[in-house]
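Colleague: My questions will all concern the structure given below.
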Amino acid sequence: MAAEKGEREGRKQRRSESAADNQADMTYEEEPDFSDPEDFVDDISDEELLGDLLKNKPNETDSIDNVIIVDNIPVVGNDRLPKLQNVVRKIYEKFGKLVNEFYPMGDEDKTKGAAEAVKATNGYKLDKAHTFAVNLFSDYDKYENVSDEWEPPSPKPYKDLGNLRYWLQDPDCFDHYSVIYEGGEKTAIYSNSVHLGAVRDPTVVEERARWTETYVRWSPQGTYLATLHQKGIALWGGPKFDQIMRFSHPGVQLIDFSPCERFMITFSPMPPKADEPQSIVIFDIRTGQRKRGFNCEQHAQATWPIFKWSSDGKFFARLATDTLSVYETTTFRLLDNKSLKIDGIRDFSWSPSDNYIAYWVPEQDTNIPARVTIISIPSRTELCVRNLFSVADCRMHWQKNGDFLCVKVDRYSKAKKAEDTGQMKYAGIYYNFELFRIREKQIPVDKVECKENVLAFAWEPTGNKFAFIHGESPRISVSFYIVRPQGKVDCLKVFERRTANHLFWSPTGQFIVLAGLRNLNGVFEFIDSADMTVMAQTEHFMATDVEWDPTGRYVMTGVSWWGHKVDNGYWLWSFQGRLLQKQQLDRFCQLLWRPRPPTLLSVDDVKEIKKNLKKFSQRFEAQDRLRQSTVSTELLEKRRKLMDDYERYRERVEDEFNSQKDRRIAFRNGVDTDELDNLAEADYEEEVIEFLLKVEETILDEE
Amino acid sequence: KPILLHGHERSITQIKYSREGDLIFSASKDNQPNVWYSLNGERLGTFQGHNGAVWCIDVNWDTTRFLTGSADNTCKLWDCETGKNLNTLDVKNAVRSCGFSYSGKLLMYSTDKTMGHPCEIHIFDVSDSSQMSTFTGSGEPMMRIPISGSKITSAVWGPMEEYIVAGTETGEICQYDVKTGEKIHEVREHSKQIKDLQLSLDSTMLISASKDTTAKLFDTASLDHMKTYKTERPVNSAAISPLQDHVVLGGGQEAMDVTTSSTRIGKFDARFYHLIFEEEFGRVKGHFGPINSLAFHPDGKSYSSGGEDGYVRVHYFDQEYFDYRFEF
């Protein structure tokens, strides 16, 4: 890699040198008139005067920079030589005038646009058996001069960064989260000590002013915290949140990590440069090396992440018109040096667990149906193809374990081409969910239909249930379905007339939060999908965000300053919807839980724990009780101290107050008003007032 | 069940109890301050004569005189019993806060800084008729304290008629000597406007309510900052309970922003904090808008709140309130 880069740079330099030469020539010619008189006889040769300059004078024929060597040209007999020469000439005339050709047993070729010619035709397939290997002649020179002795590069001094995963060793398993507030001025890392009950404020792990210029991101396994700056990105980690690495990428706006935390992709809206793509850059996180740059169209924000990673981080892929480009991270080149040509491809998605890609193509004009295809990478074999008709749009949703893929298909009953824009207009849209069972033989597909507008869809992350929101406001419903192994897809429950526009499953499954965010004012419902009970219905007025903690024990709801300007802050709830903590923060912007790496426990271990849950929970509950009692003792001690301080203060001021009593009485004409009742006794006179309420006359007896 | 005093047409600006607690005085942006029986909420009378919003009121210790300051550039002295206007002090601009001294012999008011006139504190001797002339406009005050810097938004008399404590538009709290007019002391604990200053019953402690969403407790004499009570809304008023170690805070979003918040979630609550531990332990709902003024009954068994919604609500505490104890 490094050699390649050096070579490229060398080439660039050489080109600029020759440009400089041209410049020198020009100025030479434009010198003011120093012409000799006509009778002057020049007795000094140019060689003598400008020998050093003339040596550099560019010469098309003898500059080896402009010589390229084309290998692998077929060996032919003399009779067919002219024909071959013609073919080769044709290929290279594209790049400039051929000055000289020479065909020995191997062939040699000279062109003006040598560097470009090398770039474009290296690997050119003349026919099946002959692929050109094209090199600059000067490169031969260079590589011949490489010393045969290999010198090992001196290793960089190792920087001990401490244990980057120290936070997982917290004895209480408190999770970290990052909070940005004061409109971005302050960033803090808190430890979620909320279940200590009496604790009112979160435990601060680290807090810094102007830590980031826009926002922060955790890496997928929580090892690094990325902060974005005008000049690039910085990664932080370890117990003290030291800076681990810096990546220069001016104007960076977006960032994405590979799932394995080895690579990072960043985007900056910089004008594209031909020779050094800089819009999108891929870095190696551990070495800080820039691995590759890409150019990018301006609307990157809309489709970020542009590059999608395979779950193991070995591949990344990007969509282009009619092509799907898959790159591998060993070479950072296209897999097998070519993209997949897929006519009309609209979207694709990696499986979160295997190296499968699902993609879909819409219907083509000539009555070819729309298609959803799952292929395996790197073999590119098709695992499953599903044909679909009357398709307006598709959305792919993988279940987190990669067991299922749901494709939400928007289907139409009528389609019309709009005359002015040429775009299709669809009418009578209805929805299908195509459910692919990835783990079952031959990937069977089930179908669930929905006649109503679908607003949101979400898989249970580790289970076989899914939920979606459908209907028109205000008649919004939430439906739950289960995909039974080897069986049917059944509707479990429909919750009707709900206020919800987002679904948030607990990362461990079973529990789900239905949220009505933003224009629905922040109402929440906590549902246990095991028995479909509503555990809590609550509200966090104007909430804009919901975040489950990585263990599925807590939920954060927040009102971000980015979305709403008043009442910014976040609230923490238990997974049952019990409010645990309200944290109002001035101009609170963002809360992100620190992700955890995947569990080290095997499936059997987890089963074992679930079986003995009672035993474990007893132990933890005892711990919690102990901890809570120490916390409440601490709190009581604190209060005791405050009370003592206050009492001392009161004693002092009351002494002073009492000493002024005479003056006070003097001020108020001798009346002591210190006690309310004093006056009452002295001044109040009891007065009895009789009112005539009513006169009534009753005749008792006429007699 | 609170008693609702409905007699004002516009938002309440200030409420005060008489020293004995039997009467509640209320002022609002309509031009007529009212006086009510605190026990049953019956209206006793109104004070008619102002031509502008009444910003501030005070009543002297034996409840014989009543003082009002208004946006009509006057400060009026009334006879409490008859409701008769005794004196009208003409001022150059709106009167923002006013008060009787401990003895009731002196009165002071502070003025707004508008129309080219500076913010000033004026002190009058109530018994001196040359200062208090009714018909020739106001005479020259006994003391005139010009305020440099930002304008005064709330002012109260210190305990022994020696100084006046004033809070400013930018959050400073200052003491001004009554005799010399000098600024004796200044602290800067709040970052935004002081909306209200109230003393404890014995005047030894001072609570400030500020737009910076906090209320703070100070020692009146030294202005030492002692406690902070935090909310998430501007605090318009705060009062110290004369009976318990409690304070009550009231406030809410400013009127212009009210539409963006929901009454359901109770940002217009009166909020009770423990005086010493700074911990909130209770809320009382009721108002449809921000609370502008709060006052404890002098016996500490009830309190009143006046809101932007134009109502005064008189709340009597239930037994639970008196039984509630913080552990320590």
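Residue names in the structure tokens use chain letters A, B, ... in the order shown, residue numbers from 1 in each chain, and ligand numbers from 1 in the order shown.
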As a list of chain:residue names, which residues of stretch 517-626 of chain A does DSSP assign to helix (DSSP H, G or I)?
Modeller: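 Matching residues for helix (DSSP H, G or I) in stretch 517-626 of chain A are A:Arg518, A:Asn519, A:Leu520, A:Val603, A:Asp604, A:Asp605, A:Val606, A:Lys607, A:Glu608, A:Ile609, A:Lys610, A:Lys611, A:Leu613, A:Lys614, A:Lys615, A:Phe616, A:Ser617, A:Gln618, A:Arg619, A:Phe620, A:Glu621, A:Ala622, A:Gln623, A:Asp624, A:Arg625, A:Leu626.
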Colleague: Store the residues picked out above, limited to N, CA, C and O atoms, as a compact mmCIF listing (two decimals), in the first residue's frame.
Modeller:
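Saved to selection33.txt:
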```txt
# COMPACT_ATOMS: atom_id res chain seq x y z
N ARG A 518 -42.73 14.04 18.96
CA ARG A 518 -42.87 15.33 18.27
C ARG A 518 -44.32 15.80 18.17
O ARG A 518 -44.89 16.19 19.16
N ASN A 519 -44.94 15.66 16.98
CA ASN A 519 -46.26 16.27 16.85
C ASN A 519 -47.33 15.52 17.64
O ASN A 519 -48.45 15.98 17.78
N LEU A 520 -46.99 14.35 18.17
CA LEU A 520 -47.95 13.66 19.03
C LEU A 520 -47.68 13.95 20.52
O LEU A 520 -48.17 13.26 21.41
N VAL A 603 -24.88 -19.59 24.20
CA VAL A 603 -26.33 -19.74 24.28
C VAL A 603 -26.71 -20.60 25.49
O VAL A 603 -27.67 -20.31 26.21
N ASP A 604 -25.91 -21.65 25.73
CA ASP A 604 -26.21 -22.53 26.87
C ASP A 604 -26.07 -21.80 28.19
O ASP A 604 -26.88 -21.98 29.10
N ASP A 605 -25.03 -20.96 28.27
CA ASP A 605 -24.83 -20.20 29.49
C ASP A 605 -26.04 -19.33 29.79
O ASP A 605 -26.51 -19.24 30.92
N VAL A 606 -26.52 -18.69 28.73
CA VAL A 606 -27.67 -17.81 28.91
C VAL A 606 -28.87 -18.61 29.38
O VAL A 606 -29.60 -18.20 30.29
N LYS A 607 -29.04 -19.78 28.79
CA LYS A 607 -30.15 -20.65 29.20
C LYS A 607 -30.03 -20.99 30.68
O LYS A 607 -31.00 -20.95 31.43
N GLU A 608 -28.81 -21.33 31.05
CA GLU A 608 -28.54 -21.73 32.42
C GLU A 608 -28.93 -20.58 33.38
O GLU A 608 -29.55 -20.80 34.41
N ILE A 609 -28.56 -19.38 32.98
CA ILE A 609 -28.86 -18.24 33.83
C ILE A 609 -30.36 -18.04 33.92
O ILE A 609 -30.91 -17.79 35.00
N LYS A 610 -31.03 -18.17 32.79
CA LYS A 610 -32.48 -17.97 32.80
C LYS A 610 -33.14 -19.01 33.71
O LYS A 610 -34.12 -18.70 34.40
N LYS A 611 -32.59 -20.20 33.70
CA LYS A 611 -33.17 -21.26 34.51
C LYS A 611 -33.03 -20.93 36.00
O LYS A 611 -33.93 -21.15 36.80
N LEU A 613 -32.70 -18.05 37.38
CA LEU A 613 -32.87 -16.60 37.56
C LEU A 613 -33.24 -16.24 38.99
O LEU A 613 -32.75 -15.26 39.55
N LYS A 614 -34.08 -17.08 39.59
CA LYS A 614 -34.53 -16.80 40.96
C LYS A 614 -33.35 -16.65 41.90
O LYS A 614 -33.29 -15.73 42.71
N LYS A 615 -32.42 -17.59 41.76
CA LYS A 615 -31.27 -17.60 42.64
C LYS A 615 -30.47 -16.31 42.47
O LYS A 615 -30.09 -15.66 43.44
N PHE A 616 -30.24 -15.96 41.20
CA PHE A 616 -29.45 -14.76 40.92
C PHE A 616 -30.17 -13.51 41.40
O PHE A 616 -29.56 -12.64 42.02
N SER A 617 -31.45 -13.44 41.08
CA SER A 617 -32.15 -12.20 41.40
C SER A 617 -32.17 -11.98 42.91
O SER A 617 -32.09 -10.84 43.38
N GLN A 618 -32.27 -13.08 43.68
CA GLN A 618 -32.20 -12.92 45.13
C GLN A 618 -30.92 -12.22 45.55
O GLN A 618 -30.92 -11.29 46.34
N ARG A 619 -29.84 -12.70 44.94
CA ARG A 619 -28.55 -12.14 45.31
C ARG A 619 -28.48 -10.66 44.95
O ARG A 619 -28.04 -9.83 45.74
N PHE A 620 -28.96 -10.34 43.74
CA PHE A 620 -28.88 -8.94 43.31
C PHE A 620 -29.79 -8.05 44.12
O PHE A 620 -29.44 -6.92 44.43
N GLU A 621 -30.95 -8.60 44.46
CA GLU A 621 -31.86 -7.78 45.25
C GLU A 621 -31.27 -7.46 46.61
O GLU A 621 -31.40 -6.36 47.12
N ALA A 622 -30.60 -8.46 47.17
CA ALA A 622 -29.94 -8.22 48.47
C ALA A 622 -28.89 -7.13 48.32
O ALA A 622 -28.80 -6.22 49.15
N GLN A 623 -28.15 -7.21 47.22
CA GLN A 623 -27.12 -6.19 46.97
C GLN A 623 -27.75 -4.81 46.84
O GLN A 623 -27.25 -3.84 47.40
N ASP A 624 -28.86 -4.77 46.09
CA ASP A 624 -29.53 -3.49 45.89
C ASP A 624 -29.99 -2.91 47.22
O ASP A 624 -29.83 -1.71 47.47
N ARG A 625 -30.56 -3.78 48.05
CA ARG A 625 -31.05 -3.29 49.34
C ARG A 625 -29.91 -2.70 50.15
O ARG A 625 -30.03 -1.62 50.71
N LEU A 626 -28.82 -3.44 50.17
CA LEU A 626 -27.66 -2.99 50.93
C LEU A 626 -27.20 -1.63 50.43
O LEU A 626 -26.95 -0.71 51.20
```
Colleague: Might you pull out every residue within 9 Å of A:Arg346, with only C-alpha atoms counted and same-chain residues fewer than 3 positions away left off, and present them as a short mmCIF file (atom, residue, chain, number, x, y, z; two decimals) with N, CA and C atoms, in the first residue's frame?
Modeller:
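Output (result-v4.cif):
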```cif
data_model
loop_
_atom_site.label_atom_id
_atom_site.label_comp_id
_atom_site.auth_asym_id
_atom_site.auth_seq_id
_atom_site.Cartn_x
_atom_site.Cartn_y
_atom_site.Cartn_z
N LEU A 319 -24.19 1.63 -3.37
CA LEU A 319 -25.12 1.54 -4.48
C LEU A 319 -24.80 2.63 -5.51
N ALA A 320 -24.87 2.28 -6.79
CA ALA A 320 -24.79 3.29 -7.84
C ALA A 320 -25.83 2.90 -8.90
N THR A 321 -25.93 3.71 -9.92
CA THR A 321 -26.92 3.42 -10.94
C THR A 321 -26.64 2.05 -11.56
N ASP A 322 -27.59 1.17 -11.44
CA ASP A 322 -27.52 -0.17 -12.04
C ASP A 322 -26.34 -1.01 -11.54
N TYR A 359 -31.32 -7.25 -1.94
CA TYR A 359 -31.56 -6.04 -2.72
C TYR A 359 -32.84 -6.21 -3.51
N TRP A 360 -33.35 -5.10 -3.99
CA TRP A 360 -34.56 -5.21 -4.80
C TRP A 360 -34.47 -4.34 -6.03
N VAL A 361 -35.12 -4.81 -7.10
CA VAL A 361 -35.19 -4.03 -8.33
C VAL A 361 -36.66 -3.88 -8.68
N PRO A 362 -37.04 -2.72 -9.17
CA PRO A 362 -38.45 -2.52 -9.52
C PRO A 362 -38.81 -3.20 -10.84
N CYS A 394 -40.23 -0.55 -1.93
CA CYS A 394 -39.91 -1.64 -1.01
C CYS A 394 -39.03 -1.10 0.12
#
```
Colleague: List every residue of chain B that has an atom at most 7 Å from any atom of chain A, giving for each one its closest atom pair and the distance in Å to one decimal, counting only C-alpha atoms, sorted by chain and then by ascending residue number, as JSON lines.
Modeller:
```
{"residue": "B:Glu20", "atom": "CA", "partner": "A:Leu676", "partner_atom": "CA", "distance": 6.6}
{"residue": "B:Ser103", "atom": "CA", "partner": "A:Phe667", "partner_atom": "CA", "distance": 4.9}
{"residue": "B:Thr204", "atom": "CA", "partner": "A:Val653", "partner_atom": "CA", "distance": 6.8}
{"residue": "B:Glu232", "atom": "CA", "partner": "A:Gln584", "partner_atom": "CA", "distance": 6.7}
{"residue": "B:Ile276", "atom": "CA", "partner": "A:Met643", "partner_atom": "CA", "distance": 6.5}
{"residue": "B:Phe277", "atom": "CA", "partner": "A:Arg639", "partner_atom": "CA", "distance": 6.3}
{"residue": "B:Glu327", "atom": "CA", "partner": "A:Leu636", "partner_atom": "CA", "distance": 6.9}
{"residue": "B:Phe328", "atom": "CA", "partner": "A:Leu636", "partner_atom": "CA", "distance": 4.8}
```
Colleague: Would you list the contacts of B:Thr114 as a ChimeraX atom specification, taking every protein, DNA or RNA residue within 10 Å and counting only C-alpha atoms, but skipping same-chain residues closer than 3 positions in sequence?
Modeller: /B:92-94,111,117-119,151
Colleague: Filtering to N, CA and C atoms, could you give me those residues as a JSON list (two decimals), in the first residue's frame?
Modeller:
```json
[["chain", "number", "residue", "atom", "x", "y", "z"],
["B", 92, "LYS", "N", -42.27, 60.42, 37.70],
["B", 92, "LYS", "CA", -41.99, 60.66, 36.29],
["B", 92, "LYS", "C", -42.31, 59.44, 35.42],
["B", 93, "ASN", "N", -42.19, 58.26, 36.00],
["B", 93, "ASN", "CA", -42.50, 57.06, 35.22],
["B", 93, "ASN", "C", -43.08, 55.97, 36.12],
["B", 94, "ALA", "N", -43.28, 54.80, 35.55],
["B", 94, "ALA", "CA", -44.03, 53.76, 36.25],
["B", 94, "ALA", "C", -43.36, 53.37, 37.57],
["B", 111, "THR", "N", -38.70, 53.34, 40.74],
["B", 111, "THR", "CA", -39.30, 53.71, 39.45],
["B", 111, "THR", "C", -38.60, 53.00, 38.31],
["B", 117, "HIS", "N", -35.95, 59.08, 31.89],
["B", 117, "HIS", "CA", -35.81, 59.27, 33.33],
["B", 117, "HIS", "C", -35.08, 58.10, 33.94],
["B", 118, "PRO", "N", -34.18, 58.37, 34.86],
["B", 118, "PRO", "CA", -33.42, 57.27, 35.45],
["B", 118, "PRO", "C", -34.26, 56.47, 36.44],
["B", 119, "CYS", "N", -33.76, 55.30, 36.76],
["B", 119, "CYS", "CA", -34.38, 54.50, 37.81],
["B", 119, "CYS", "C", -33.96, 55.07, 39.16],
["B", 151, "LYS", "N", -31.96, 48.53, 36.02],
["B", 151, "LYS", "CA", -33.09, 49.03, 36.79],
["B", 151, "LYS", "C", -33.54, 48.04, 37.86]]
```
Colleague: Find the residues around B:Gly167 up to 6 Å (only C-alpha atoms counted), leave out those fewer than 5 positions away in its own chain, and share them as a list of chain:residue names.
Modeller: B:Ile152, B:Thr153, B:Ser154, B:Glu172, B:Ile173, B:Ile194
Colleague: Rounded to one decimal in Å, what is the spacing between atom CA of A:Asn453 and atom CA of A:Pro369?
Modeller: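 For atom CA of A:Asn453 relative to atom CA of A:Pro369, the distance reads 23.3 Å.
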Colleague: Hey, can you check how far atom CA of A:Ser376 sits from atom CA of A:Pro485?
Modeller: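 Those two atoms sit 22.9 Å apart.
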Colleague: List as a PDB file with C-alpha atoms, in the first residue's frame the protein and nucleic acid residues near B:Tyr163, meaning an atom at most 10 Å away when only C-alpha atoms are counted, but skip any in the same chain fewer than 6 places from it.
Modeller:
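Wrote result.pdb, looks like this:
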```
ATOM      1  CA  SER B 101     -41.079  50.562  56.570  1.00  0.00           C
ATOM      2  CA  VAL B 156     -38.140  45.592  50.119  1.00  0.00           C
ATOM      3  CA  TRP B 157     -37.282  47.365  53.341  1.00  0.00           C
ATOM      4  CA  CYS B 174     -28.078  45.330  46.510  1.00  0.00           C
ATOM      5  CA  GLN B 175     -28.544  47.071  49.827  1.00  0.00           C
ATOM      6  CA  TYR B 176     -28.992  50.863  49.862  1.00  0.00           C
ATOM      7  CA  ASP B 177     -28.521  52.884  53.012  1.00  0.00           C
ATOM      8  CA  VAL B 178     -31.671  54.881  53.725  1.00  0.00           C
ATOM      9  CA  LYS B 179     -29.873  57.781  55.362  1.00  0.00           C
ATOM     10  CA  THR B 180     -27.006  58.307  52.945  1.00  0.00           C
ATOM     11  CA  GLY B 181     -28.398  56.724  49.804  1.00  0.00           C
ATOM     12  CA  GLU B 182     -25.189  54.772  49.311  1.00  0.00           C
ATOM     13  CA  LYS B 183     -24.988  51.273  48.013  1.00  0.00           C
ATOM     14  CA  ILE B 184     -23.727  49.285  50.996  1.00  0.00           C
ATOM     15  CA  ALA B 221     -28.091  41.570  56.712  1.00  0.00           C
TER      16      ALA B 221
END
```
Colleague: Quick one: everything within 7 Å of B:Gln198, counting only C-alpha atoms, minus sequence neighbours fewer than 2 positions away in the same chain. Send it as a ChimeraX atom specification.
Modeller: /B:196,200,206-208,239
Colleague: If you keep C-alpha atoms, can you produce a file of those selected residues as a compact mmCIF listing (two decimals), in the first residue's frame?
Modeller:
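part25.txt was written with the following content:
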```
# COMPACT_ATOMS: atom_id res chain seq x y z
CA ASP B 196 -39.53 39.05 43.52
CA SER B 200 -39.02 35.79 56.32
CA LEU B 206 -34.51 36.94 52.26
CA ILE B 207 -35.73 34.82 49.39
CA SER B 208 -35.25 35.93 45.80
CA ALA B 239 -42.11 32.96 49.89
```
Colleague: Report the residues of stretch 123-193 of chain B whose backbone DSSP state falls under strand (DSSP E or B), written as a PyMOL selection string.
Modeller: chain B and resi 123-125+143-146+152-157+163-168+172-177+183-188
Colleague: Store the residues picked out above in a file with C-alpha atoms, as a short mmCIF file (atom, residue, chain, number, x, y, z; two decimals), in the first residue's frame.
Modeller:
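Result file out.cif:
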```cif
data_model
loop_
_atom_site.label_atom_id
_atom_site.label_comp_id
_atom_site.auth_asym_id
_atom_site.auth_seq_id
_atom_site.Cartn_x
_atom_site.Cartn_y
_atom_site.Cartn_z
CA ILE B 123 -38.38 57.61 50.35
CA PHE B 124 -41.10 59.68 51.97
CA ASP B 125 -42.05 60.41 55.51
CA MET B 143 -34.50 60.83 50.23
CA ARG B 144 -33.84 60.25 46.55
CA ILE B 145 -31.48 57.43 45.59
CA PRO B 146 -30.44 57.40 41.93
CA ILE B 152 -34.68 47.78 39.98
CA THR B 153 -37.40 45.19 39.52
CA SER B 154 -38.15 44.40 43.14
CA ALA B 155 -37.37 46.13 46.43
CA VAL B 156 -38.14 45.59 50.12
CA TRP B 157 -37.28 47.37 53.34
CA TYR B 163 -31.56 49.97 54.40
CA ILE B 164 -33.53 48.84 51.40
CA VAL B 165 -32.81 45.58 49.58
CA ALA B 166 -33.31 45.78 45.84
CA GLY B 167 -33.08 43.25 43.03
CA THR B 168 -32.24 44.32 39.49
CA GLU B 172 -27.87 41.67 41.23
CA ILE B 173 -29.16 42.12 44.74
CA CYS B 174 -28.08 45.33 46.51
CA GLN B 175 -28.54 47.07 49.83
CA TYR B 176 -28.99 50.86 49.86
CA ASP B 177 -28.52 52.88 53.01
CA LYS B 183 -24.99 51.27 48.01
CA ILE B 184 -23.73 49.28 51.00
CA HIS B 185 -23.59 45.87 49.54
CA GLU B 186 -24.04 44.04 46.28
CA VAL B 187 -24.14 40.34 45.42
CA ARG B 188 -24.50 38.67 42.08
#
```
Colleague: Identify which of the residues B:Asp30, B:Asp219, B:Asp128, B:Asp22 lies closest to B:Asp62, counting only C-alpha atoms when measuring atom-to-atom distances.
Modeller: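 Result for the nearest residue to B:Asp62: B:Asp22.
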Colleague: Quick one: everything within 12 Å of B:Thr63, counting only C-alpha atoms, minus sequence neighbours fewer than 2 positions away in the same chain. Send it as a list in words.
Modeller: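 Surrounding residues, per the criterion: Lys16, Tyr17, Ser18, Arg19, Glu20, Gly21, Asp22, Leu23, Ile24, Phe25, Val35, Asp58, Val59, Asn60, Trp61, Arg65, Phe66, Leu67, Trp78, Asp79, Cys80, Glu81, Thr82, Gly83, Phe100, Ser103 and Gly104 of chain B.
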Colleague: Taking a cut-off of 12 Å and counting only C-alpha atoms, can you build a table that, for each residue of stretch 573-691 of chain A near stretch 241-263 of chain A, reports the nearest atom pair and how far apart they are in Å (one decimal), sorted by chain then residue number, as CSV?
Modeller:
```
residue,atom,partner,partner_atom,distance
A:Pro595,CA,A:Pro259,CA,11.6
A:Pro597,CA,A:Cys260,CA,9.6
A:Pro598,CA,A:Cys260,CA,10.8
```
Colleague: Rank B:Glu161, B:Ser127, B:Ser222, B:Ser302 by their smallest atom-to-atom distance to B:Lys105, using only C-alpha atoms, and report the top residue only.
Modeller: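 Ranked by minimum distance to B:Lys105, first place goes to B:Ser127.
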Colleague: Figure out the distance between atom CA of B:Lys195 and atom CA of B:Cys98, please, to one decimal in Å.
Modeller: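 For atom CA of B:Cys98 relative to atom CA of B:Lys195, the distance reads 13.8 Å.
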